[in-house]
Each structure stands twice: as structure tokens, then as C-alpha cells.
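The structure under discussion appears below in the form of C-alpha cells.
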Amino acid sequence: MDLRLLRYFVAVVEERHFGRAATRLHMTQPPLTRAIKRLEGDLGAALLHRSAAGVTPTAAGTALYDEARALLAQADHARARVAAAAGVGSITIGTLGDSVERAGAGTSLAAAFRRRHPGVNVRVLEADLTDPTIGLRAGLVDVAVTRAPFEDTGLSTRVIRSEPVGVVLRADDPLAGRDLLRLADLDDRTWFRFPDGTDPVWHAYWNGTGPGEPLREGPEVRTVHECIRGVLWHGTVGLAPLGHELASMGHEPADGLTVVPLADMPPSRLIVAWHADDANPLLHSFVELAAPGSRRQRAPR
């Protein structure tokens with residue numbers, strides 16, 4: 001059975017939507033739809049109920065989902081064991097622009113990991129703002145340094161730190177001189193939006209709304225650079241963690257921008273996330289270094 005097709009199927013079941021699954025897998029929707037139809041043809045069974053509201057698994061799909069997750073976990077475990085037996089370990093780390101190197105406490109995370117695991121091949125993958133798991137669900141990375149909240153079913157997470165959030169404004173904005181703002185102060189503004197299919201919990205948070213609420217209107221963005229340009233040229237408002245401001249997302253604050261604290265915005269949690277059933281020892285060593293002593297959060301069931 002093609003493991004790639006199984007990864008696609010698992011993504012569709014967990015997202016309940018082909019568009020969101022395609023975004024999570026960093027692919028377009030038509031080839032994903034064709035892949036699922038091929039899987040259904042191979043197995044001789046309908047796996048999904050399709051409707052305007054999304055997709056849900058059939059009885060056969062539910063049975064395959066459980067088996068697929070187990071098979072994928074076994075494949076990941078086998079890959080780790082083979083690498084360990086060959087004496088050449090590897091790990092792929094995903095980051096959402098926050099510096100992986102300063103995620104740990106008290107020392108460089110990269111230096112600490114290399115001291116503990118000399119010779120291990122480390123690859124760092126940086127994603128745009130449309131996938132908070134940075135390819136974790138798609139199997140592109142072993143572990144992700146990212147920000148919550150997002151839909152984390154099947155994942156384990158640890159909080160590295162929590163940071164208050166502010167609104168990014170142009171320096172000449174009438175609200176830029178305020179010491180503190182509330183979301184209601186920005187009701188008449190345009191806000192950034194992510195493309196359709198983006199994780200809805202993640203999308204709502206960075207749009208300043210609650211899950212299930214209508215999104216604020218504004219231009220579509222994928223990167224921090226696009227957000228910065230939108231603020232500078234069009235006065236669009238966005239959000240950023242305080243303390244490190246835009247530098248915490250991999251960018252120094254641009255000239256002409258300011259960040260004003262938001263009193264009623266939940267803090268942004270920098271986290272490390274991984275598949276709950278991944279037994280790769282390098283992954284768990286990385287987690288301990290990135291978030292030493294932090295409370296482990298079990299994957300939701």
C-alpha cells in the first residue's frame with residue numbers, strides 16, 4: 001500500500017476538507033482529489049462522504065484511518081531504527097520564522113543539540129504563515145517550532161514560552177501613540193487574512209476573531225514580508241508577539257512601524273510540536289532541549 005496515499009488520506013480525514021488538507025500537505029487540491037480516488041479504487045471502497053460542508057469518513061474510511069495512522073507510525077519508527085543502525089541519524093526541524101536557535105533556555109539550541117548528538121544530520125525547513133505545523137502533518141518534518149493555537153489533533157506539544165501580543169501599526173496611525181489598545185478599537189480597520197483552507201483555529205487567532213466567527217475583511221497574505229508591506233503601504237493592521245516584536249518572526253521591525261499592546265488578546269505561545277506516536281529518540285532529545293522542564297501536553301483524542 002502506498003504510504004504517500006495514506007498520508008494524504010489521513011490529512012483529509014483530520015481536516016474534514018480537501019482544501020485545508022491540500023494546504024497542510026503543501027499541494028493543490030486537484031492532485032489530492034485524484035490521489036484519494038486512486039486509493040478508493042485500489043481498495044474497492046468509498047472512503048469519504050463528500051458534501052458542500054466538507055468530508056467525513058465512511059465506515060470503511062474510519063477503519064482505514066486507524067490502520068493508516070498505525071502503518072505510518074511504524075514506517076517512521078522503522079526509518080529511525082535503520083538510521084540509528086547505520087550510525088547516521090537525521091532530524092528535520094520545521095520553523096515558522098521564530099528563531100529555532102534561541103528556542104531553548106540559557107544556551108544556543110543548535111550548539112546544545114550538536115554537543116549531545118555530534119554527527120547527526122540536521123535539516124531546518126522554514127514555512128510561510130499558511131501552515132502552522134510547518135509540514136509536520138504532511139510528514140515533511142520530524143518536529144516543529146511553531147506558535148499555538150491551531151488544530152493539534154494527533155500531536156503532542158510543549159510550551160517554550162508565552163508572549164503577549166500587540167497590534168502592528170504604521171507609525172503615523174492615529175492609534176500608534178496609545179499605550180494600550182483593545183480589539184474593539186480596531187473594528188473599523190482592514191486585517192490580514194490567510195488563503196482559504198488554512199487551519200481555522202490558527203486563521204481566527206491571527207485575524208483577531210474567535211473560532212467559528214466571521215473573519216475580518218482584508219488582503220490575503222502568506223508571509224511576514226507581505227504583512228509588513230501591507231501595513232506600510234495600505235495601513236492594514238496585523239498582530240505580532242511583544243518583546244521580540246517582528247524580530248521574533250525572523251524580521252527586524254521595519255522603519256515606520258510600531259507595535260501597541262492589546263489588552264484583550266490571548267498570549268501567543270511558542271511551542272514545540274511532534275507526532276504523538278513518533279518514537280524517534282533524536283526528536284525527543286530535541287524536545288527536551290527546546291523546552292526543558294516544560295509541561296507536556298498530550299495529543300487530543
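Chain labels follow the order of the C-alpha cells: the first chain is A, the next B, and so on; residue numbering restarts at 1 in every chain, and ligands are counted from 1 in their shown order.
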
Distance query Leu39 in chain A at most 12 Å, only C-alpha atoms, self and fewer than 2 positions along chain excluded, as a PyMOL selection string:
chain A and resi 1-10+32-37+41-48+61+64+68

From a DSSP pass on the backbone, collect the residues of range 15-149 of chain A flagged as strand (DSSP E or B) and hand them back as a PyMOL selection string.
chain A and resi 48-51+54-57+90-95+121-126+143-148

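If you count only C-alpha atoms and ignore residues fewer than 6 places along the chain from Ala148 in chain A, what sits within 10 Å of it is Pro132, Thr133, Thr157, Val159, Ser162, Val201, Trp202, Tyr205, Pro267, Ser268, Arg269, Leu270, Ile271, Val272 and Ala273 of chain A.
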
Please extract the residues of range 41-249 of chain A with a backbone DSSP assignment of alpha helix (DSSP H) and present them as a PyMOL selection string.
chain A and resi 41-43+59-86+109-116+200-206+224-234

Compile the contact shell of range 166-183 of chain A as JSON, numbers by chain: residues with an atom at most 6 Å away, counting only C-alpha atoms, same-chain residues fewer than 6 positions apart removed.
{"A": [232, 237, 238, 239, 240, 242, 256, 257, 258, 259, 260, 261, 262, 263, 264]}

With only C-alpha atoms as the basis for distance, which of A:Ala279, A:Val287, A:Ile93, A:Ala21 is at the shortest distance from Ile134 in chain A?
A:Ile93

Show me, as a ChimeraX atom specification, the residues that have an atom within 8 Å of Leu282 in chain A when counting only C-alpha atoms, minus same-chain residues fewer than 6 positions from it.
/A:89-91

How would the residues just picked look written out with all heavy atoms as a PDB file, in the first residue's frame?
ATOM      1  N   GLY A  89      22.287   9.285  12.063  1.00  0.00           N
ATOM      2  CA  GLY A  89      20.982   9.795  12.435  1.00  0.00           C
ATOM      3  C   GLY A  89      20.674  11.089  11.711  1.00  0.00           C
ATOM      4  O   GLY A  89      21.574  11.782  11.235  1.00  0.00           O
ATOM      5  N   SER A  90      19.393  11.403  11.612  1.00  0.00           N
ATOM      6  CA  SER A  90      18.983  12.657  10.984  1.00  0.00           C
ATOM      7  C   SER A  90      17.691  13.140  11.610  1.00  0.00           C
ATOM      8  O   SER A  90      16.910  12.351  12.141  1.00  0.00           O
ATOM      9  CB  SER A  90      18.807  12.478   9.470  1.00  0.00           C
ATOM     10  OG  SER A  90      17.724  11.605   9.194  1.00  0.00           O
ATOM     11  N   ILE A  91      17.489  14.434  11.544  1.00  0.00           N
ATOM     12  CA  ILE A  91      16.265  15.031  12.039  1.00  0.00           C
ATOM     13  C   ILE A  91      15.965  16.270  11.204  1.00  0.00           C
ATOM     14  O   ILE A  91      16.889  17.006  10.827  1.00  0.00           O
ATOM     15  CB  ILE A  91      16.372  15.390  13.540  1.00  0.00           C
ATOM     16  CG1 ILE A  91      15.028  15.900  14.077  1.00  0.00           C
ATOM     17  CG2 ILE A  91      17.471  16.409  13.787  1.00  0.00           C
ATOM     18  CD1 ILE A  91      15.014  16.072  15.592  1.00  0.00           C
TER      19      ILE A  91
END

Considering only C-alpha atoms, can you say which of A:Leu186, A:Ala138, A:Leu129, A:Ala75 comes closest to Glu15 in chain A?
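Going through A:Leu186, A:Ala138, A:Leu129, A:Ala75 one by one, the smallest distance to Glu15 in chain A is for A:Ala138.
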
Using only C-alpha atoms for the distances, tell me which of A:Ala11, A:Ala52, A:Val124, A:Ala204 is nearest to Asp142 in chain A.
A:Val124

Just the number, please: distance in Å from CA of Leu25 in chain A to CA of Arg123 in chain A, one decimal.
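Interatomic distance, CA of Leu25 in chain A to CA of Arg123 in chain A: 18.6 Å.
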
Show me, as number ranges by chain, the residues that have an atom within 10 Å of Pro219 in chain A when counting only C-alpha atoms, minus same-chain residues fewer than 2 positions from it.
A: 190-195, 216-217, 221, 226-227, 230, 234, 236
